[in-house]
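Peer 1: File my_file38.cif follows (mmCIF, C-alpha atoms):
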```cif
data_target
#
loop_
_atom_site.label_atom_id
_atom_site.label_comp_id
_atom_site.auth_asym_id
_atom_site.auth_seq_id
_atom_site.Cartn_x
_atom_site.Cartn_y
_atom_site.Cartn_z
CA MET A 1 48.03 38.53 1.24
CA LYS A 2 48.92 41.92 -0.28
CA ARG A 3 49.59 40.14 -3.59
CA LEU A 4 46.24 38.38 -3.31
CA GLY A 5 44.56 41.73 -2.64
CA LYS A 6 46.17 43.35 -5.71
CA LYS A 7 45.35 40.36 -7.88
CA THR A 8 41.76 40.35 -6.67
CA SER A 9 41.45 44.08 -7.32
CA ARG A 10 42.66 43.62 -10.91
CA ILE A 11 40.17 40.78 -11.45
CA ILE A 12 37.29 42.90 -10.14
CA ILE A 13 38.31 45.92 -12.27
CA ALA A 14 38.63 43.72 -15.37
CA ALA A 15 35.24 42.13 -14.71
CA LEU A 16 33.63 45.56 -14.32
CA LEU A 17 35.15 46.76 -17.58
CA ILE A 18 33.83 43.69 -19.39
CA LEU A 19 30.38 44.14 -17.88
CA TRP A 20 30.42 47.82 -18.80
CA ALA A 21 31.32 46.91 -22.38
CA VAL A 22 28.45 44.43 -22.74
CA GLN A 23 25.96 46.46 -20.69
CA PRO A 24 24.15 47.98 -23.70
CA CYS A 25 23.20 44.44 -24.80
CA PHE A 26 21.19 44.05 -21.60
CA ALA A 27 19.88 47.60 -21.27
CA GLN A 28 16.50 47.31 -22.98
CA GLU A 29 13.72 48.44 -20.65
CA SER A 30 10.83 45.98 -20.38
CA LYS A 31 7.48 47.66 -21.09
CA THR A 32 5.75 45.24 -18.75
CA THR A 33 8.03 45.87 -15.80
CA ALA A 34 9.35 49.42 -16.34
CA GLY A 35 8.49 51.74 -13.50
CA LYS A 36 7.64 48.98 -11.05
CA ARG A 37 9.63 49.03 -7.85
CA ARG A 38 10.65 45.52 -6.94
CA PRO A 39 9.90 44.56 -3.33
CA SER A 40 13.05 44.65 -1.24
CA LEU A 41 13.96 42.45 1.70
CA GLY A 42 16.78 44.65 2.99
CA SER A 43 16.84 47.11 5.88
CA PRO A 44 16.17 50.86 5.49
CA ASP A 45 19.97 51.34 5.37
CA ALA A 46 20.51 48.93 2.46
CA VAL A 47 21.94 50.96 -0.41
CA GLU A 48 19.03 50.75 -2.84
CA ASN A 49 16.45 51.34 -0.10
CA GLN A 50 18.42 54.34 1.18
CA MET A 51 18.56 55.93 -2.26
CA ALA A 52 14.83 55.38 -2.81
CA SER A 53 14.05 56.94 0.57
CA ASP A 54 16.29 59.96 -0.08
CA ARG A 55 14.54 60.68 -3.39
CA ALA A 56 10.97 60.12 -2.19
CA GLU A 57 8.63 63.00 -1.44
CA LYS A 58 8.66 64.07 2.22
CA ASP A 59 7.01 66.43 4.63
CA VAL A 60 9.56 69.27 4.78
CA LEU A 61 9.91 72.59 6.56
CA TYR A 62 11.23 74.37 3.49
CA GLU A 63 10.81 73.35 -0.13
CA SER A 64 14.17 73.84 -1.85
CA ARG A 65 14.64 73.53 -5.61
CA PHE A 66 18.34 74.34 -5.62
CA LEU A 67 19.49 70.76 -6.35
CA LYS A 68 16.57 69.84 -8.62
CA PRO A 69 18.67 69.85 -11.86
CA TYR A 70 21.23 67.59 -10.17
CA PHE A 71 18.56 65.10 -9.06
CA GLU A 72 16.95 65.15 -12.51
CA TRP A 73 20.35 64.29 -14.00
CA GLN A 74 20.69 61.41 -11.53
CA ALA A 75 17.25 60.10 -12.50
CA ASP A 76 18.08 60.40 -16.22
CA LEU A 77 21.32 58.47 -15.69
CA LYS A 78 19.43 55.68 -13.98
CA GLU A 79 16.77 55.49 -16.68
CA LYS A 80 19.24 55.45 -19.58
CA HIS A 81 22.09 53.39 -18.15
CA GLY A 82 20.80 51.66 -15.01
CA PHE A 83 23.40 53.48 -12.92
CA SER A 84 22.29 55.05 -9.62
CA PHE A 85 24.42 56.85 -7.10
CA GLY A 86 24.05 58.97 -4.00
CA GLY A 87 25.79 60.05 -0.87
CA ASP A 88 25.47 61.85 2.40
CA TYR A 89 27.36 63.61 5.13
CA SER A 90 26.32 63.01 8.73
CA ALA A 91 27.54 64.39 12.04
CA VAL A 92 26.69 63.59 15.66
CA TYR A 93 27.37 65.29 18.99
CA LEU A 94 26.89 63.63 22.42
CA LYS A 95 27.06 65.23 25.87
CA ALA A 96 26.62 63.35 29.17
CA ASP A 97 26.00 64.90 32.60
CA ASN A 98 28.41 62.40 34.21
CA SER A 99 31.25 60.15 33.07
CA LEU A 100 33.84 57.78 34.49
CA PRO A 101 36.83 59.42 36.23
CA GLY A 102 39.44 60.57 33.75
CA THR A 103 37.19 60.20 30.72
CA ASP A 104 35.51 62.68 28.41
CA ASP A 105 31.87 63.61 28.89
CA THR A 106 31.48 64.61 25.23
CA ALA A 107 32.01 62.85 21.92
CA SER A 108 31.40 63.88 18.35
CA GLY A 109 32.21 62.70 14.87
CA GLY A 110 31.17 62.66 11.26
CA MET A 111 31.23 60.61 8.11
CA VAL A 112 30.83 60.97 4.40
CA ARG A 113 29.38 58.08 2.40
CA PHE A 114 29.29 57.38 -1.32
CA PHE A 115 26.98 54.61 -2.46
CA GLY A 116 25.16 53.36 -5.50
CA SER A 117 24.12 50.50 -7.73
CA TRP A 118 24.58 49.58 -11.37
CA GLU A 119 21.97 47.32 -12.93
CA LEU A 120 24.18 45.65 -15.50
CA LEU A 121 22.21 42.58 -16.52
CA GLY A 122 18.56 42.36 -17.53
CA ARG A 123 17.72 45.95 -16.68
CA GLY A 124 13.99 46.43 -16.27
CA THR A 125 13.20 42.74 -16.68
CA ASP A 126 11.98 40.11 -14.26
CA THR A 127 15.51 38.71 -13.91
CA ASN A 128 18.35 41.16 -13.37
CA GLY A 129 21.82 41.50 -11.87
CA THR A 130 23.12 44.58 -10.05
CA LEU A 131 26.47 45.67 -8.62
CA VAL A 132 26.03 47.48 -5.29
CA TYR A 133 28.72 49.53 -3.51
CA LYS A 134 29.23 51.80 -0.51
CA VAL A 135 32.47 53.54 0.50
CA GLU A 136 32.84 55.74 3.58
CA HIS A 137 35.20 58.02 5.47
CA ARG A 138 34.51 57.94 9.21
CA HIS A 139 36.24 60.51 11.43
CA SER A 140 36.01 61.70 15.01
CA TYR A 141 36.03 65.36 16.04
CA THR A 142 37.00 64.46 19.60
CA ASP A 143 39.52 62.12 21.22
CA THR A 144 36.65 59.87 22.31
CA THR A 145 34.73 58.45 19.38
CA PRO A 146 30.92 58.41 19.58
CA ASN A 147 30.76 54.61 19.18
CA GLY A 148 33.18 54.13 22.10
CA PHE A 149 31.45 56.68 24.34
CA SER A 150 28.93 54.40 26.05
CA ILE A 151 31.34 51.77 27.39
CA GLY A 152 34.52 53.85 27.54
CA SER A 153 33.20 57.04 29.13
CA LEU A 154 29.89 56.09 30.75
CA GLY A 155 30.45 52.47 31.80
CA ASN A 156 27.22 51.46 30.11
CA VAL A 157 27.22 48.13 28.26
CA GLY A 158 26.08 49.25 24.85
CA VAL A 159 26.87 51.43 21.87
CA ILE A 160 25.54 54.86 20.99
CA SER A 161 25.84 55.99 17.37
CA PRO A 162 27.61 52.75 16.39
CA PRO A 163 28.78 53.81 12.90
CA PHE A 164 30.57 56.97 14.08
CA SER A 165 34.20 56.00 14.60
CA ASP A 166 37.68 57.13 13.51
CA GLN A 167 38.35 54.34 10.98
CA GLU A 168 38.77 56.86 8.13
CA TRP A 169 38.45 55.36 4.63
CA ARG A 170 36.73 51.99 4.60
CA LEU A 171 34.54 49.75 2.52
CA THR A 172 31.03 48.80 3.62
CA ASN A 173 29.46 47.14 0.56
CA LEU A 174 30.68 45.69 -2.68
CA TYR A 175 28.46 42.86 -3.80
CA TRP A 176 26.49 41.41 -6.68
CA ARG A 177 22.72 41.16 -6.29
CA GLN A 178 20.89 38.72 -8.55
CA SER A 179 17.12 38.99 -8.62
CA TRP A 180 14.45 36.77 -10.13
CA LYS A 181 10.68 37.12 -10.57
CA GLN A 182 10.64 40.90 -9.97
CA GLY A 183 12.50 40.54 -6.68
CA ARG A 184 10.59 37.56 -5.33
CA PHE A 185 13.91 35.69 -5.10
CA VAL A 186 17.19 37.51 -4.40
CA ALA A 187 20.77 36.30 -3.91
CA LEU A 188 23.82 38.35 -2.93
CA ALA A 189 27.54 37.59 -2.95
CA GLY A 190 30.49 39.76 -2.01
CA PHE A 191 31.32 42.20 0.77
CA LEU A 192 28.14 42.68 2.81
CA ASP A 193 26.88 44.65 5.78
CA ALA A 194 25.09 42.01 7.84
CA THR A 195 22.80 44.61 9.44
CA ASP A 196 21.21 45.12 6.01
CA PHE A 197 19.76 41.61 6.12
CA VAL A 198 19.52 40.62 9.81
CA ASP A 199 16.52 41.45 12.00
CA ILE A 200 14.85 43.98 9.69
CA PHE A 201 13.43 46.88 11.70
CA ALA A 202 11.83 50.06 10.36
CA LEU A 203 13.33 52.35 13.05
CA GLY A 204 16.74 50.71 13.30
CA SER A 205 18.91 53.20 11.37
CA PRO A 206 21.42 55.14 13.52
CA TRP A 207 21.49 57.82 10.82
CA LEU A 208 17.73 58.34 10.72
CA HIS A 209 16.19 56.89 13.89
CA PHE A 210 17.34 55.80 17.36
CA THR A 211 21.06 56.17 18.15
CA ASN A 212 21.19 53.67 21.03
CA PHE A 213 22.04 50.24 19.62
CA ALA A 214 19.57 48.69 22.08
CA PHE A 215 16.88 49.89 19.66
CA SER A 216 18.63 48.63 16.54
CA THR A 217 19.70 45.25 15.14
CA GLY A 218 18.96 42.44 17.57
CA ALA A 219 18.33 44.91 20.42
CA ALA A 220 22.12 44.62 21.03
CA SER A 221 21.86 40.86 21.64
CA ILE A 222 23.41 39.65 18.35
CA SER A 223 27.14 39.11 17.87
CA LEU A 224 27.41 40.79 14.47
CA PRO A 225 30.45 40.75 12.19
CA GLU A 226 31.98 44.04 11.05
CA ASP A 227 30.95 45.67 7.77
CA ALA A 228 32.48 44.54 4.47
CA THR A 229 32.17 40.94 5.58
CA LEU A 230 32.73 38.48 2.77
CA GLY A 231 29.78 36.18 2.40
CA LEU A 232 26.51 35.12 0.84
CA ALA A 233 22.94 36.13 1.60
CA GLY A 234 19.56 35.58 0.05
CA GLY A 235 15.86 36.06 0.50
CA ALA A 236 12.56 34.91 -0.92
CA TRP A 237 8.88 35.72 -0.73
CA LEU A 238 7.19 32.38 -0.08
CA ASN A 239 3.84 34.06 -0.81
CA ASP A 240 2.46 37.62 -0.62
CA ASN A 241 2.77 37.64 3.17
CA VAL A 242 5.63 35.37 4.24
CA TYR A 243 9.33 35.94 3.56
CA VAL A 244 12.57 34.26 4.53
CA ILE A 245 16.10 35.72 4.66
CA GLY A 246 19.36 33.92 5.38
CA GLY A 247 23.09 34.50 5.20
CA PHE A 248 26.56 33.08 5.77
CA GLU A 249 29.39 35.57 6.42
CA ASP A 250 32.95 35.84 7.70
CA THR A 251 33.22 36.93 11.36
CA ASN A 252 36.73 38.40 10.98
CA SER A 253 36.14 41.14 8.41
CA ILE A 254 38.22 44.33 8.40
CA PRO A 255 36.46 47.21 6.60
CA THR A 256 39.69 49.22 6.33
CA ASP A 257 41.42 46.26 4.64
CA PRO A 258 38.53 44.31 3.11
CA PHE A 259 40.49 42.03 0.82
CA GLU A 260 42.01 40.34 3.87
CA GLY A 261 38.55 38.80 4.00
CA PHE A 262 39.55 36.28 1.35
CA ASP A 263 42.24 34.98 3.69
CA THR A 264 40.05 34.85 6.81
CA PHE A 265 36.99 33.48 5.00
CA PHE A 266 38.82 30.54 3.40
CA ASN A 267 41.47 29.88 6.05
CA ASP A 268 40.03 30.78 9.47
CA ASN A 269 36.61 29.22 8.78
CA GLU A 270 34.87 31.29 11.47
CA TYR A 271 31.42 32.26 10.27
CA PHE A 272 28.26 34.10 11.27
CA LYS A 273 25.04 32.39 10.13
CA HIS A 274 21.54 33.79 10.31
CA LEU A 275 18.00 32.86 9.29
CA GLU A 276 14.89 35.01 9.50
CA ILE A 277 11.30 34.13 8.76
CA GLY A 278 8.71 36.87 8.80
CA TRP A 279 5.10 37.73 8.13
CA THR A 280 3.65 40.98 6.84
CA THR A 281 0.24 42.14 5.67
CA ALA A 282 1.61 42.94 2.18
CA LYS A 283 4.99 43.10 0.45
CA GLU A 284 4.96 46.88 0.26
CA ARG A 285 4.30 47.04 4.03
CA ALA A 286 7.14 44.74 5.05
CA TYR A 287 8.67 47.45 7.29
CA LEU A 288 5.43 48.71 8.79
CA ASP A 289 3.43 45.56 9.57
CA ASN A 290 6.02 42.99 10.50
CA LEU A 291 6.33 39.96 12.75
CA HIS A 292 9.52 37.94 12.47
CA LEU A 293 11.85 35.49 14.19
CA THR A 294 15.60 35.74 13.63
CA LEU A 295 17.97 32.90 14.58
CA TRP A 296 21.75 33.25 14.50
CA HIS A 297 24.94 31.35 15.29
CA ALA A 298 28.55 32.59 15.45
CA ASP A 299 31.54 30.27 15.40
CA GLU A 300 34.26 30.50 18.00
CA ARG A 301 36.83 33.19 17.16
CA LYS A 302 40.04 31.68 18.43
CA GLU A 303 42.38 34.63 17.93
CA ALA A 304 39.89 37.07 19.46
CA GLY A 305 39.18 34.70 22.36
CA VAL A 306 35.41 34.72 21.80
CA LYS A 307 33.36 31.58 22.41
CA ASP A 308 30.91 30.33 19.85
CA GLY A 309 27.33 31.34 20.51
CA TRP A 310 23.81 31.51 19.25
CA GLY A 311 20.66 33.48 19.85
CA ALA A 312 17.18 34.50 18.75
CA VAL A 313 15.29 37.73 18.23
CA VAL A 314 11.52 38.23 18.01
CA SER A 315 10.26 41.51 16.58
CA PHE A 316 6.78 42.97 16.09
CA THR A 317 5.78 46.28 14.48
CA HIS A 318 2.36 47.40 13.34
CA SER A 319 1.44 50.67 11.66
CA VAL A 320 -1.63 52.50 12.95
CA GLY A 321 -3.19 55.00 10.57
CA ASN A 322 0.13 55.42 8.71
CA ARG A 323 1.23 57.75 11.50
CA TRP A 324 1.95 55.56 14.54
CA LEU A 325 4.40 52.66 14.53
CA PRO A 326 4.49 50.85 17.90
CA PHE A 327 7.11 48.12 18.30
CA LEU A 328 8.07 45.34 20.70
CA ARG A 329 11.36 43.46 20.29
CA ALA A 330 13.19 40.88 22.41
CA GLY A 331 16.53 39.15 22.03
CA TYR A 332 18.40 36.32 23.75
CA ALA A 333 22.03 35.26 23.34
CA GLU A 334 24.04 32.31 24.62
CA ASN A 335 27.73 33.35 24.59
CA GLY A 336 28.99 34.51 21.16
CA GLY A 337 30.39 37.88 22.26
CA SER A 338 27.21 39.97 22.11
CA LEU A 339 26.77 43.07 24.27
CA LEU A 340 23.56 41.90 25.94
CA GLN A 341 22.46 38.33 26.59
CA LYS A 342 18.85 39.31 27.30
CA SER A 343 17.16 42.40 25.95
CA VAL A 344 13.64 43.77 25.53
CA SER A 345 12.86 47.01 23.68
CA ALA A 346 9.50 48.70 23.24
CA GLY A 347 8.41 52.05 21.90
CA VAL A 348 6.69 53.94 19.15
CA GLY A 349 7.44 56.09 16.14
CA TYR A 350 5.10 58.91 15.10
CA GLN A 351 5.01 60.64 11.73
CA PRO A 352 3.02 63.90 12.04
CA ASN A 353 2.28 64.36 8.36
CA PRO A 354 2.95 61.33 6.14
CA VAL A 355 3.76 62.40 2.58
CA GLY A 356 4.88 60.30 -0.35
CA GLY A 357 6.95 57.18 0.18
CA ALA A 358 9.20 58.18 3.06
CA ALA A 359 8.90 59.82 6.45
CA GLY A 360 10.08 63.39 6.86
CA ASN A 361 9.48 64.70 10.36
CA LEU A 362 9.56 61.81 12.81
CA LEU A 363 9.22 61.38 16.57
CA GLY A 364 10.62 58.28 18.27
CA VAL A 365 10.32 57.08 21.87
CA GLY A 366 11.84 53.86 23.18
CA ALA A 367 12.60 51.97 26.41
CA ASN A 368 14.98 49.03 26.86
CA TRP A 369 15.78 46.52 29.59
CA GLY A 370 19.08 44.73 29.09
CA GLN A 371 21.18 42.12 30.86
CA PRO A 372 24.91 42.32 29.98
CA ASN A 373 26.51 39.24 28.48
CA GLU A 374 28.31 37.62 31.41
CA THR A 375 30.82 35.73 29.23
CA VAL A 376 32.06 39.11 27.95
CA PHE A 377 31.65 41.48 30.91
CA GLY A 378 31.54 39.14 33.90
CA SER A 379 28.76 37.90 36.15
CA ASP A 380 26.67 39.61 38.83
CA LEU A 381 26.34 42.88 36.92
CA ASP A 382 23.25 45.03 37.32
CA ASP A 383 20.52 44.95 34.73
CA GLN A 384 20.49 48.15 32.68
CA TYR A 385 17.65 50.38 31.53
CA ALA A 386 17.77 52.83 28.65
CA PHE A 387 15.25 55.40 27.44
CA GLU A 388 15.54 57.47 24.28
CA LEU A 389 13.52 60.28 22.73
CA PHE A 390 14.35 61.88 19.37
CA TYR A 391 12.67 64.18 16.90
CA ARG A 392 13.87 64.32 13.31
CA LEU A 393 13.08 67.62 11.63
CA GLN A 394 13.22 67.43 7.85
CA VAL A 395 14.38 70.96 7.01
CA THR A 396 14.52 70.33 3.26
CA LYS A 397 14.30 67.15 1.25
CA GLU A 398 18.07 66.77 1.62
CA ILE A 399 18.76 68.17 5.11
CA ALA A 400 17.56 66.72 8.41
CA ILE A 401 18.46 67.64 11.99
CA THR A 402 17.69 65.41 14.97
CA PRO A 403 17.90 66.45 18.63
CA ASP A 404 17.99 63.46 20.97
CA ILE A 405 17.86 62.79 24.70
CA GLN A 406 18.67 59.54 26.54
CA PHE A 407 18.39 58.42 30.15
CA LEU A 408 20.48 55.45 31.32
CA ILE A 409 19.77 53.66 34.61
CA ASN A 410 22.27 51.36 36.38
CA PRO A 411 25.17 51.49 33.88
CA ALA A 412 26.66 48.06 34.60
CA LEU A 413 30.34 49.05 34.44
CA ASN A 414 29.96 52.27 36.42
CA SER A 415 29.29 51.67 40.10
CA ASP A 416 29.57 55.38 40.92
CA GLU A 417 26.46 56.46 38.99
CA ASP A 418 22.88 55.25 39.29
CA ASN A 419 21.77 57.14 36.21
CA ILE A 420 23.16 59.27 33.39
CA TRP A 421 21.54 61.79 31.07
CA ILE A 422 22.82 62.11 27.49
CA PHE A 423 21.97 64.96 25.17
CA GLY A 424 22.62 64.44 21.48
CA PHE A 425 22.31 66.18 18.16
CA ARG A 426 22.57 64.79 14.63
CA ALA A 427 22.58 66.40 11.21
CA ARG A 428 22.46 64.74 7.80
CA LEU A 429 22.81 66.08 4.26
CA SER A 430 21.97 63.70 1.42
CA PHE A 431 23.09 64.30 -2.14
#
```
Is it possible to give me this structure as C-alpha cells?
Peer 2:
Amino acid sequence: MKRLGKKTSRIIIAALLILWAVQPCFAQESKTTAGKRRPSLGSPDAVENQMASDRAEKDVLYESRFLKPYFEWQADLKEKHGFSFGGDYSAVYLKADNSLPGTDDTASGGMVRFFGSWELLGRGTDTNGTLVYKVEHRHSYTDTTPNGFSIGSLGNVGVISPPFSDQEWRLTNLYWRQSWKQGRFVALAGFLDATDFVDIFALGSPWLHFTNFAFSTGAASISLPEDATLGLAGGAWLNDNVYVIGGFEDTNSIPTDPFEGFDTFFNDNEYFKHLEIGWTTAKERAYLDNLHLTLWHADERKEAGVKDGWGAVVSFTHSVGNRWLPFLRAGYAENGGSLLQKSVSAGVGYQPNPVGGAAGNLLGVGANWGQPNETVFGSDLDDQYAFELFYRLQVTKEIAITPDIQFLINPALNSDEDNIWIFGFRARLSF
C-alpha cells in the first residue's frame, strides 16, 4: 500500500504539472460571467465558501488595514491566474465544573489550516473545473483533547469542538470540482469532507458557531465518515428554489494517511451514502431560508464492529429581517454507529449589525434533546439535554473571539452528576 501511495502521489503531481502548463489556454475571463459568484451548494466550512466569507465585509470592532496589501495581492492572484488560497489558526479552551473521577476538567487545543482552490479549466466561463485542497495540523495543549472531552471526561454522549484533536498533520480535502451552467450542476471527486455536503446548516461550523456537535451536522444523529474520505459527490439546482445533493464515500478514511483510502475504497467496499433535497426562497439565500430532508445509509464496518445503519434529518431555518435566524432540526438513526439515535435541536442566531456578505458579531442560543444510540452505548440510558450560548465578537476582519457557555443535563454515561456547566473560549485568526 505504501508503493500504491507513492505511485498515486507521483500521478497527482504529474497531472498538476500538466494542468499548470496548459492553464493559460483556459484562463480567458468571460465578459458575460466575470464577477458573478456562482451559487454554491456546500456548507459554510466548504473551502470556497470559507474563503469568500473571510474576505467579505463585516461588522468589526476595529478596522485594521495592516494586511490590506496582502489581501490585495491574493485578489490579484485570483483574478490573473484563478488561484485562491487562505488559512487560519484557531484555538479553543474548555472548563467544566465537574468531571468523571480521575479525568481532567479542562481541555484545550489548536489547529492551523491551509486551504485554497485553483480554477484550472474554463476560468470565468459557464463550465469550469477547479482543484480544491485543505491541509491541517491539529494539536492539543492538554492531555485530554477537546473532541474527547465530552465522553471521556464528562460522560456525556456527544462531542464538543469536534475538529480539535491531536492528529497533527492531516489531509481534509483534495478533490476536483467540475461545474456547469454557472454552478447549477456540480460534481466532485477525490478526498472529501462529508460535512461539507451533508445536512447543510448555516450555524453548523465549530470554528464560527456552536461547538456542541448536537447543533451541527445531523444533530449528532448521522454516522459520518472521517475527513479525507475518498468518494464522489454532486449537486444540482432543479429550479431557482429546489436543490438536490448526493454523495458516495468510503467509511474507513484515515486523514493522517489518506492514500490508504484507495485500498479501503476498492477492497473493503464499506460506504456512506447520502441524499438531500431542499427548498429555499432563492439561490443566494440557500443558508438563510432553508427547508431540507437528508437521508443517509452506512454499510456495516466489519473490522470496526459497527452494524450497518440508516437515518434521516429534517432541518428548517428562516431569516427574519436579516438579523434573526431561528432554526429547528431533528434527526433519527437506526444503528450505524451514530452518537444519538434520536435528536431534536432548536435555537436562534442573531446578528446585531449585518454588513456586507458575512456575519461579524453573532449571538447564538440553542437547546437539544438527545437519546443515545443504544447499539453503541447500551440500552436504558437517560435522555440527555444540552444548552449552549455563544457570542462571537469580530475584533477585526481577520480576528474573532468567542466566549461560550454550555449546560448539560443527565449526561448518560455519568451517573454521579445530574448536570454539568462548561465554560469555553475560542479565538480565530484568518489570513
Peer 1: Might you pull out every residue within 10 Å of Asp416 in chain A, with all atoms listed in the file counted and same-chain residues fewer than 4 positions away left off, and present them as a PyMOL selection string?
Peer 2: chain A and resi 98-101+155+410-411
Peer 1: State, in Å with one decimal place, the distance from CA of Tyr89 in chain A to CA of Ala367 in chain A.
Peer 2: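 One can read the CA of Tyr89 in chain A to CA of Ala367 in chain A distance as 28.4 Å.
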Peer 1: Write out as a list in words which residues come within 12 Å of Tyr332 in chain A when counting all atoms listed in the file, dropping same-chain ones fewer than 4 positions away.
Peer 2: Gly218, Ala219, Ala220, Ser221, Ile222, Ser223, Leu293, Thr294, Leu295, Trp296, His297, Gly309, Trp310, Gly311, Ala312, Val313, Val314, Gly336, Ser338, Leu339, Leu340, Gln341, Lys342, Ser343, Val344, Gly370, Gln371, Pro372 and Asn373 of chain A
Peer 1: So that I can see what lies close to Leu224 in chain A, please list as a VMD selection string the residues with an atom at most 8 Å from it, counting all atoms listed in the file and leaving out residues fewer than 5 positions away in the same chain.
Peer 2: chain A and resid 194 to 195 251 272 338
Peer 1: Applied to this file, what does the PyMOL selection byres ((chain A and resi 41) around 12) return in terms of residues, put as a ChimeraX atom specification?
Peer 2: /A:38-40,42-49,177,179,183-188,195-202,233-237,242-246,276-280,283-287,290
Peer 1: When you draw a straight line from CA of Glu226 in chain A to CA of Ser253 in chain A, how long is it in Å?
Peer 2: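 Atom-to-atom, CA of Glu226 in chain A to CA of Ser253 in chain A, that is 5.7 Å.
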Peer 1: Which of these residues is nearest to Phe83 in chain A, using only C-alpha atoms: A:Asp308, A:Glu57, A:Glu63, A:Glu119?
Peer 2: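 Smallest separation from Phe83 in chain A among the options: A:Glu119.
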Peer 1: Grab the CA of Ala96 in chain A to CA of Phe425 in chain A distance for me, in Å with one decimal place.
Peer 2: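 Between CA of Ala96 in chain A and CA of Phe425 in chain A the gap works out to 12.2 Å.
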Peer 1: Out of A:Ala214, A:Leu174, A:Leu408, A:Ala107, which residue has the shortest atom-to-atom distance to Leu94 in chain A when counting all atoms listed in the file?
Peer 2: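 Using all atoms listed in the file, Leu94 in chain A sits closest to A:Ala107.
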Peer 1: Evaluating the PyMOL selection byres ((chain A and resi 321) around 12) on the displayed file yields which residues, as an MDAnalysis selection string?
Peer 2: chainID A and resid 288:289 318:320 322:326 350:354
Peer 1: Pick out the residues sitting within 8 Å of Val306 in chain A, and hand them over as a PyMOL selection string; count only C-alpha atoms, and ignore anything fewer than 3 positions along from it in its own chain.
Peer 2: chain A and resi 300-303+336-337
Peer 1: Find the residues around Asp126 in chain A up to 7 Å (all atoms listed in the file counted), leave out those fewer than 3 positions away in its own chain, and share them as a count of residues only.
Peer 2: 3
Peer 1: Name the closest residue to Leu154 in chain A among the candidates A:Pro206, A:Gly102, A:Pro255, A:Gly231; distances are taken between atoms, counting only C-alpha atoms.
Peer 2: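 With only C-alpha atoms as the atom set, the closest residue is A:Gly102.
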Peer 1: List the residues selected by the PyMOL selection byres ((chain A and resi 423) around 12) in the file shown, writing them as a PyMOL selection string.
Peer 2: chain A and resi 92-98+105-108+160+211+387-390+402-408+420-422+424-426
Peer 1: Using all atoms listed in the file, what table do you get, as CSV, when you list each residue of range 115-213 of chain A with an atom no more than 12 Å from range 259-265 of chain A, its nearest pair of atoms, and their distance in Å rounded to one decimal, rows by chain then rising number?
Peer 2:
```
residue,atom,partner,partner_atom,distance
A:Arg170,CA,A:Phe259,CA,11.3
A:Leu171,CA,A:Phe259,CA,9.9
A:Thr172,CA,A:Phe259,CA,12.0
A:Leu174,CA,A:Phe259,CA,11.0
A:Gly190,CA,A:Gly261,CA,10.1
A:Phe191,CA,A:Gly261,CA,8.6
A:Leu192,CA,A:Gly261,CA,11.2
```
Peer 1: In terms of the shortest atom-to-atom distance over only C-alpha atoms, which of A:Val112, A:Ala386, A:Val159, A:Ile409 is closest to Asp88 in chain A?
Peer 2: A:Val112
Peer 1: Rank A:Asp382, A:Arg392, A:Trp176, A:Glu398 by their smallest atom-to-atom distance to Phe431 in chain A, using all atoms listed in the file, and report the top residue only.
Peer 2: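 For Phe431 in chain A, the nearest of the candidates is A:Glu398.
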Peer 1: Calculated over only C-alpha atoms, which of the candidates A:Asp227, A:Glu72, A:Asp418, A:Glu270 has the smallest distance to Asp383 in chain A?
Peer 2: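 Of all the options, A:Asp418 lies closest to Asp383 in chain A.
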